[in-house]
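The file work-v5.cif comes next; it holds mmCIF, N, CA and C atoms.
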```cif
data_my_file
#
loop_
_atom_site.label_atom_id
_atom_site.label_comp_id
_atom_site.auth_asym_id
_atom_site.auth_seq_id
_atom_site.Cartn_x
_atom_site.Cartn_y
_atom_site.Cartn_z
N GLU A 1 -51.93 -81.08 -49.18
CA GLU A 1 -53.00 -80.10 -49.21
C GLU A 1 -54.33 -80.71 -49.59
N ASN A 2 -54.37 -82.00 -49.86
CA ASN A 2 -55.61 -82.59 -50.35
C ASN A 2 -56.41 -83.33 -49.29
N SER A 3 -55.78 -83.79 -48.24
CA SER A 3 -56.49 -84.59 -47.25
C SER A 3 -56.26 -84.04 -45.85
N TRP A 4 -57.01 -83.02 -45.51
CA TRP A 4 -56.84 -82.39 -44.20
C TRP A 4 -57.29 -83.32 -43.08
N ASN A 5 -58.20 -84.23 -43.38
CA ASN A 5 -58.61 -85.22 -42.36
C ASN A 5 -57.43 -86.10 -41.97
N GLU A 6 -56.67 -86.54 -42.96
CA GLU A 6 -55.50 -87.39 -42.69
C GLU A 6 -54.42 -86.61 -41.94
N ILE A 7 -54.22 -85.39 -42.32
CA ILE A 7 -53.21 -84.54 -41.66
C ILE A 7 -53.60 -84.30 -40.22
N ALA A 8 -54.89 -84.00 -39.99
CA ALA A 8 -55.35 -83.72 -38.63
C ALA A 8 -55.16 -84.92 -37.70
N LYS A 9 -55.23 -86.12 -38.25
CA LYS A 9 -55.00 -87.33 -37.43
C LYS A 9 -53.57 -87.37 -36.89
N MET A 10 -52.65 -86.72 -37.58
CA MET A 10 -51.25 -86.72 -37.15
C MET A 10 -50.91 -85.51 -36.26
N VAL A 11 -51.87 -84.61 -36.09
CA VAL A 11 -51.64 -83.41 -35.27
C VAL A 11 -52.65 -83.45 -34.12
N PRO A 12 -52.22 -83.96 -32.97
CA PRO A 12 -53.16 -84.10 -31.85
C PRO A 12 -53.80 -82.77 -31.45
N GLY A 13 -55.10 -82.83 -31.21
CA GLY A 13 -55.83 -81.66 -30.72
C GLY A 13 -56.20 -80.65 -31.79
N ARG A 14 -55.98 -80.98 -33.07
CA ARG A 14 -56.32 -80.04 -34.15
C ARG A 14 -57.34 -80.65 -35.09
N THR A 15 -58.27 -79.82 -35.53
CA THR A 15 -59.28 -80.27 -36.49
C THR A 15 -58.71 -80.12 -37.90
N PRO A 16 -59.34 -80.78 -38.88
CA PRO A 16 -58.90 -80.60 -40.26
C PRO A 16 -58.92 -79.14 -40.69
N ARG A 17 -59.94 -78.42 -40.28
CA ARG A 17 -60.02 -77.00 -40.66
C ARG A 17 -58.88 -76.19 -40.04
N GLN A 18 -58.55 -76.46 -38.78
CA GLN A 18 -57.44 -75.76 -38.14
C GLN A 18 -56.13 -76.03 -38.86
N CYS A 19 -55.93 -77.28 -39.28
CA CYS A 19 -54.71 -77.63 -40.02
C CYS A 19 -54.66 -76.89 -41.35
N ARG A 20 -55.77 -76.88 -42.06
CA ARG A 20 -55.85 -76.20 -43.35
C ARG A 20 -55.59 -74.70 -43.20
N ASP A 21 -56.25 -74.07 -42.23
CA ASP A 21 -56.07 -72.63 -42.02
C ASP A 21 -54.64 -72.29 -41.65
N ARG A 22 -54.04 -73.10 -40.80
CA ARG A 22 -52.65 -72.85 -40.41
C ARG A 22 -51.72 -72.93 -41.62
N TRP A 23 -51.94 -73.91 -42.48
CA TRP A 23 -51.13 -74.06 -43.68
C TRP A 23 -51.33 -72.87 -44.62
N LYS A 24 -52.58 -72.56 -44.94
CA LYS A 24 -52.87 -71.53 -45.93
C LYS A 24 -52.46 -70.13 -45.46
N ASN A 25 -52.49 -69.88 -44.14
CA ASN A 25 -52.23 -68.53 -43.65
C ASN A 25 -50.84 -68.31 -43.08
N TYR A 26 -50.14 -69.40 -42.71
CA TYR A 26 -48.86 -69.19 -42.03
C TYR A 26 -47.71 -70.10 -42.49
N LEU A 27 -47.98 -71.32 -42.89
CA LEU A 27 -46.92 -72.29 -43.12
C LEU A 27 -46.57 -72.54 -44.58
N LYS A 28 -47.45 -72.25 -45.48
CA LYS A 28 -47.22 -72.52 -46.91
C LYS A 28 -45.94 -71.81 -47.36
N PRO A 29 -45.02 -72.53 -47.98
CA PRO A 29 -43.71 -71.95 -48.33
C PRO A 29 -43.77 -70.75 -49.28
N THR A 30 -44.84 -70.63 -50.06
CA THR A 30 -44.93 -69.51 -51.01
C THR A 30 -45.41 -68.21 -50.38
N LEU A 31 -45.81 -68.25 -49.13
CA LEU A 31 -46.29 -67.03 -48.46
C LEU A 31 -45.13 -66.09 -48.18
N LYS A 32 -45.42 -64.80 -48.24
CA LYS A 32 -44.40 -63.82 -47.89
C LYS A 32 -44.87 -63.01 -46.69
N PHE A 33 -43.93 -62.71 -45.85
CA PHE A 33 -44.23 -61.98 -44.62
C PHE A 33 -43.39 -60.71 -44.54
N ASP A 34 -42.97 -60.20 -45.70
CA ASP A 34 -42.19 -58.97 -45.74
C ASP A 34 -43.01 -57.82 -45.16
N PRO A 35 -42.33 -56.80 -44.67
CA PRO A 35 -43.07 -55.62 -44.20
C PRO A 35 -43.91 -55.02 -45.34
N TRP A 36 -45.04 -54.47 -44.97
CA TRP A 36 -45.90 -53.84 -45.96
C TRP A 36 -45.30 -52.50 -46.36
N LYS A 37 -45.37 -52.18 -47.65
CA LYS A 37 -44.89 -50.91 -48.16
C LYS A 37 -46.06 -49.95 -48.28
N LYS A 38 -45.75 -48.68 -48.36
CA LYS A 38 -46.79 -47.66 -48.51
C LYS A 38 -47.63 -47.93 -49.75
N GLU A 39 -46.97 -48.36 -50.84
CA GLU A 39 -47.68 -48.65 -52.08
C GLU A 39 -48.66 -49.82 -51.89
N ASP A 40 -48.25 -50.81 -51.09
CA ASP A 40 -49.14 -51.94 -50.80
C ASP A 40 -50.38 -51.46 -50.05
N ASP A 41 -50.17 -50.61 -49.06
CA ASP A 41 -51.29 -50.08 -48.29
C ASP A 41 -52.23 -49.27 -49.17
N GLU A 42 -51.66 -48.46 -50.06
CA GLU A 42 -52.49 -47.65 -50.96
C GLU A 42 -53.30 -48.53 -51.90
N LEU A 43 -52.67 -49.60 -52.41
CA LEU A 43 -53.38 -50.52 -53.28
C LEU A 43 -54.49 -51.23 -52.51
N LEU A 44 -54.21 -51.64 -51.29
CA LEU A 44 -55.22 -52.31 -50.48
C LEU A 44 -56.42 -51.40 -50.25
N VAL A 45 -56.18 -50.16 -49.90
CA VAL A 45 -57.27 -49.21 -49.67
C VAL A 45 -58.08 -49.03 -50.96
N SER A 46 -57.40 -48.90 -52.07
CA SER A 46 -58.07 -48.75 -53.36
C SER A 46 -58.94 -49.96 -53.68
N LEU A 47 -58.41 -51.15 -53.45
CA LEU A 47 -59.17 -52.36 -53.74
C LEU A 47 -60.35 -52.55 -52.80
N VAL A 48 -60.20 -52.16 -51.54
CA VAL A 48 -61.33 -52.23 -50.61
C VAL A 48 -62.41 -51.26 -51.06
N ASN A 49 -62.01 -50.10 -51.56
CA ASN A 49 -63.00 -49.14 -52.08
C ASN A 49 -63.73 -49.71 -53.29
N THR A 50 -63.05 -50.55 -54.07
CA THR A 50 -63.64 -51.14 -55.26
C THR A 50 -64.47 -52.38 -54.95
N TYR A 51 -63.91 -53.32 -54.17
CA TYR A 51 -64.53 -54.62 -53.94
C TYR A 51 -65.18 -54.79 -52.58
N GLY A 52 -65.02 -53.82 -51.70
CA GLY A 52 -65.42 -54.04 -50.33
C GLY A 52 -64.41 -54.97 -49.68
N THR A 53 -64.83 -55.73 -48.72
CA THR A 53 -63.89 -56.61 -48.01
C THR A 53 -63.94 -58.04 -48.55
N HIS A 54 -63.96 -58.17 -49.86
CA HIS A 54 -63.89 -59.49 -50.51
C HIS A 54 -62.42 -59.79 -50.77
N TRP A 55 -61.75 -60.31 -49.76
CA TRP A 55 -60.30 -60.50 -49.79
C TRP A 55 -59.85 -61.41 -50.93
N THR A 56 -60.65 -62.40 -51.27
CA THR A 56 -60.28 -63.33 -52.33
C THR A 56 -60.16 -62.62 -53.67
N LYS A 57 -61.01 -61.63 -53.90
CA LYS A 57 -60.95 -60.87 -55.16
C LYS A 57 -59.67 -60.04 -55.25
N MET A 58 -59.09 -59.69 -54.11
CA MET A 58 -57.90 -58.84 -54.08
C MET A 58 -56.60 -59.64 -54.06
N LYS A 59 -56.69 -60.92 -53.74
CA LYS A 59 -55.51 -61.74 -53.49
C LYS A 59 -54.51 -61.72 -54.65
N GLU A 60 -55.00 -61.74 -55.88
CA GLU A 60 -54.09 -61.79 -57.03
C GLU A 60 -53.25 -60.52 -57.17
N SER A 61 -53.68 -59.44 -56.56
CA SER A 61 -52.91 -58.19 -56.59
C SER A 61 -51.76 -58.18 -55.57
N PHE A 62 -51.75 -59.19 -54.69
CA PHE A 62 -50.74 -59.29 -53.64
C PHE A 62 -50.11 -60.68 -53.65
N PRO A 63 -49.26 -60.97 -54.64
CA PRO A 63 -48.67 -62.31 -54.72
C PRO A 63 -47.92 -62.67 -53.43
N GLY A 64 -48.21 -63.85 -52.94
CA GLY A 64 -47.53 -64.33 -51.74
C GLY A 64 -48.20 -63.94 -50.44
N ARG A 65 -49.23 -63.14 -50.49
CA ARG A 65 -49.96 -62.77 -49.27
C ARG A 65 -51.24 -63.60 -49.19
N SER A 66 -51.58 -64.03 -48.01
CA SER A 66 -52.82 -64.79 -47.83
C SER A 66 -53.99 -63.81 -47.68
N THR A 67 -55.18 -64.33 -47.88
CA THR A 67 -56.36 -63.49 -47.68
C THR A 67 -56.44 -63.03 -46.22
N ASN A 68 -55.97 -63.87 -45.32
CA ASN A 68 -55.95 -63.51 -43.91
C ASN A 68 -54.99 -62.34 -43.66
N ALA A 69 -53.86 -62.32 -44.37
CA ALA A 69 -52.90 -61.22 -44.23
C ALA A 69 -53.52 -59.91 -44.72
N LEU A 70 -54.28 -59.99 -45.81
CA LEU A 70 -54.95 -58.79 -46.32
C LEU A 70 -55.96 -58.26 -45.31
N LYS A 71 -56.75 -59.16 -44.77
CA LYS A 71 -57.75 -58.77 -43.77
C LYS A 71 -57.08 -58.16 -42.54
N ASN A 72 -56.03 -58.82 -42.06
CA ASN A 72 -55.34 -58.31 -40.88
C ASN A 72 -54.72 -56.94 -41.13
N ARG A 73 -54.14 -56.76 -42.33
CA ARG A 73 -53.53 -55.45 -42.64
C ARG A 73 -54.61 -54.40 -42.73
N TRP A 74 -55.76 -54.70 -43.33
CA TRP A 74 -56.85 -53.73 -43.42
C TRP A 74 -57.29 -53.28 -42.03
N HIS A 75 -57.46 -54.23 -41.14
CA HIS A 75 -57.89 -53.86 -39.79
C HIS A 75 -56.80 -53.10 -39.04
N TRP A 76 -55.54 -53.41 -39.31
CA TRP A 76 -54.45 -52.65 -38.72
C TRP A 76 -54.50 -51.20 -39.22
N LEU A 77 -54.72 -51.03 -40.51
CA LEU A 77 -54.81 -49.68 -41.08
C LEU A 77 -55.98 -48.91 -40.46
N LEU A 78 -57.11 -49.58 -40.30
CA LEU A 78 -58.28 -48.91 -39.70
C LEU A 78 -57.98 -48.48 -38.27
N ASN A 79 -57.34 -49.35 -37.52
CA ASN A 79 -57.09 -49.05 -36.11
C ASN A 79 -55.95 -48.06 -35.88
N ASN A 80 -54.99 -47.99 -36.80
CA ASN A 80 -53.80 -47.19 -36.56
C ASN A 80 -53.63 -45.99 -37.46
N CYS A 81 -54.36 -45.93 -38.55
CA CYS A 81 -54.12 -44.85 -39.51
C CYS A 81 -55.34 -43.98 -39.79
N VAL A 82 -56.51 -44.43 -39.42
CA VAL A 82 -57.71 -43.65 -39.68
C VAL A 82 -58.08 -42.89 -38.42
N GLN A 83 -58.21 -41.59 -38.57
CA GLN A 83 -58.58 -40.76 -37.43
C GLN A 83 -60.10 -40.76 -37.27
N PRO A 84 -60.60 -41.00 -36.07
CA PRO A 84 -62.05 -40.96 -35.88
C PRO A 84 -62.59 -39.55 -36.11
N MET A 85 -63.77 -39.47 -36.69
CA MET A 85 -64.37 -38.16 -36.94
C MET A 85 -65.16 -37.73 -35.71
N ALA A 86 -65.01 -36.49 -35.34
CA ALA A 86 -65.77 -35.95 -34.23
C ALA A 86 -67.16 -35.58 -34.73
N ILE A 87 -68.17 -35.95 -33.98
CA ILE A 87 -69.54 -35.62 -34.35
C ILE A 87 -69.96 -34.38 -33.56
N THR A 88 -70.35 -33.36 -34.28
CA THR A 88 -70.79 -32.13 -33.61
C THR A 88 -72.24 -32.25 -33.21
N GLU A 89 -72.68 -31.36 -32.34
CA GLU A 89 -74.07 -31.42 -31.87
C GLU A 89 -75.05 -31.22 -33.02
N SER A 90 -74.72 -30.35 -33.99
CA SER A 90 -75.63 -30.10 -35.11
C SER A 90 -75.80 -31.36 -35.95
N GLU A 91 -74.77 -32.20 -36.05
CA GLU A 91 -74.87 -33.44 -36.81
C GLU A 91 -75.75 -34.44 -36.07
N ASN A 92 -75.75 -34.39 -34.74
CA ASN A 92 -76.58 -35.29 -33.95
C ASN A 92 -78.07 -34.98 -34.12
N ASP A 93 -78.40 -33.73 -34.41
CA ASP A 93 -79.79 -33.31 -34.52
C ASP A 93 -80.43 -33.71 -35.85
N LYS A 94 -79.63 -34.14 -36.80
CA LYS A 94 -80.17 -34.47 -38.14
C LYS A 94 -80.96 -35.74 -38.14
#
```
Take the structure in the file and write it out as structure tokens.
Amino acid sequence: ENSWNEIAKMVPGRTPRQCRDRWKNYLKPTLKFDPWKKEDDELLVSLVNTYGTHWTKMKESFPGRSTNALKNRWHWLLNNCVQPMAITESENDK
């Protein structure tokens, strides 16, 4: 985890940053990929309401999840669980 330049030399076609991101988000043995629970989703929503989308600030509340996993879950929740609000004509006139 200390020399991404050296690691990238052993992985053809990958930059040091790509190697680092792949490790931190997908390959690190301490990461967990269990299904998200309702309680996890509720905590994530609460933390986004508190911190905004500062995933690093929330990471300690989700042991074993990467910041990328938090971001991806948040966007999944937005796309699949939030109903778009209909704008009425009177709201358009404001």
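Near Phe62 in chain A, within a cut-off of 10 Å and counting only C-alpha atoms, sit the residues Lys32, Asp40, Leu43, Leu44, Met58, Lys59, Arg65, Ser66, Thr67, Ala69 and Leu70 of chain A, with same-chain residues fewer than 3 positions away left out.
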For this session: Just list the residues in chain A DSSP gives alpha helix (DSSP H) on the backbone, as a count of residues only.
Result: 50
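Between atom C of Thr50 in chain A and CA of Trp23 in chain A lies a distance of 27.8 Å.
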Exercise. What residues come out when you apply the PyMOL selection byres (((chain A and resi 75-77 and name CA) around 12) and name CA) to this file, written as an MDAnalysis selection string?
Worked result: chainID A and resid 36 38 40:42 44:45 48 53 68:74 78:83
For this session: Tell me, in Å to one decimal, how far CA of Ile7 in chain A is from atom N of Arg20 in chain A.
Result: 8.1 Å
Running the PyMOL selection byres ((chain A and resi 31) around 7) on this model by hand, what would come out? Give it as a PDB file with N, CA and C atoms, in the frame of the given file.
```
ATOM      1  N   TYR A  26     -50.140 -69.400 -42.710  1.00  0.00           N
ATOM      2  CA  TYR A  26     -48.860 -69.190 -42.030  1.00  0.00           C
ATOM      3  C   TYR A  26     -47.710 -70.100 -42.490  1.00  0.00           C
ATOM      4  N   LEU A  27     -47.980 -71.320 -42.890  1.00  0.00           N
ATOM      5  CA  LEU A  27     -46.920 -72.290 -43.120  1.00  0.00           C
ATOM      6  C   LEU A  27     -46.570 -72.540 -44.580  1.00  0.00           C
ATOM      7  N   LYS A  28     -47.450 -72.250 -45.480  1.00  0.00           N
ATOM      8  CA  LYS A  28     -47.220 -72.520 -46.910  1.00  0.00           C
ATOM      9  C   LYS A  28     -45.940 -71.810 -47.360  1.00  0.00           C
ATOM     10  N   PRO A  29     -45.020 -72.530 -47.980  1.00  0.00           N
ATOM     11  CA  PRO A  29     -43.710 -71.950 -48.330  1.00  0.00           C
ATOM     12  C   PRO A  29     -43.770 -70.750 -49.280  1.00  0.00           C
ATOM     13  N   THR A  30     -44.840 -70.630 -50.060  1.00  0.00           N
ATOM     14  CA  THR A  30     -44.930 -69.510 -51.010  1.00  0.00           C
ATOM     15  C   THR A  30     -45.410 -68.210 -50.380  1.00  0.00           C
ATOM     16  N   LYS A  32     -45.420 -64.800 -48.240  1.00  0.00           N
ATOM     17  CA  LYS A  32     -44.400 -63.820 -47.890  1.00  0.00           C
ATOM     18  C   LYS A  32     -44.870 -63.010 -46.690  1.00  0.00           C
ATOM     19  N   PHE A  33     -43.930 -62.710 -45.850  1.00  0.00           N
ATOM     20  CA  PHE A  33     -44.230 -61.980 -44.620  1.00  0.00           C
ATOM     21  C   PHE A  33     -43.390 -60.710 -44.540  1.00  0.00           C
ATOM     22  N   ASP A  34     -42.970 -60.200 -45.700  1.00  0.00           N
ATOM     23  CA  ASP A  34     -42.190 -58.970 -45.740  1.00  0.00           C
ATOM     24  C   ASP A  34     -43.010 -57.820 -45.160  1.00  0.00           C
ATOM     25  N   PRO A  63     -49.260 -60.970 -54.640  1.00  0.00           N
ATOM     26  CA  PRO A  63     -48.670 -62.310 -54.720  1.00  0.00           C
ATOM     27  C   PRO A  63     -47.920 -62.670 -53.430  1.00  0.00           C
ATOM     28  N   GLY A  64     -48.210 -63.850 -52.940  1.00  0.00           N
ATOM     29  CA  GLY A  64     -47.530 -64.330 -51.740  1.00  0.00           C
ATOM     30  C   GLY A  64     -48.200 -63.940 -50.440  1.00  0.00           C
ATOM     31  N   ARG A  65     -49.230 -63.140 -50.490  1.00  0.00           N
ATOM     32  CA  ARG A  65     -49.960 -62.770 -49.270  1.00  0.00           C
ATOM     33  C   ARG A  65     -51.240 -63.600 -49.190  1.00  0.00           C
ATOM     34  N   SER A  66     -51.580 -64.030 -48.010  1.00  0.00           N
ATOM     35  CA  SER A  66     -52.820 -64.790 -47.830  1.00  0.00           C
ATOM     36  C   SER A  66     -53.990 -63.810 -47.680  1.00  0.00           C
TER      37      SER A  66
END
```
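With atom C of Glu6 in chain A on one side and atom N of Asp21 in chain A on the other, the separation reads 12.7 Å.
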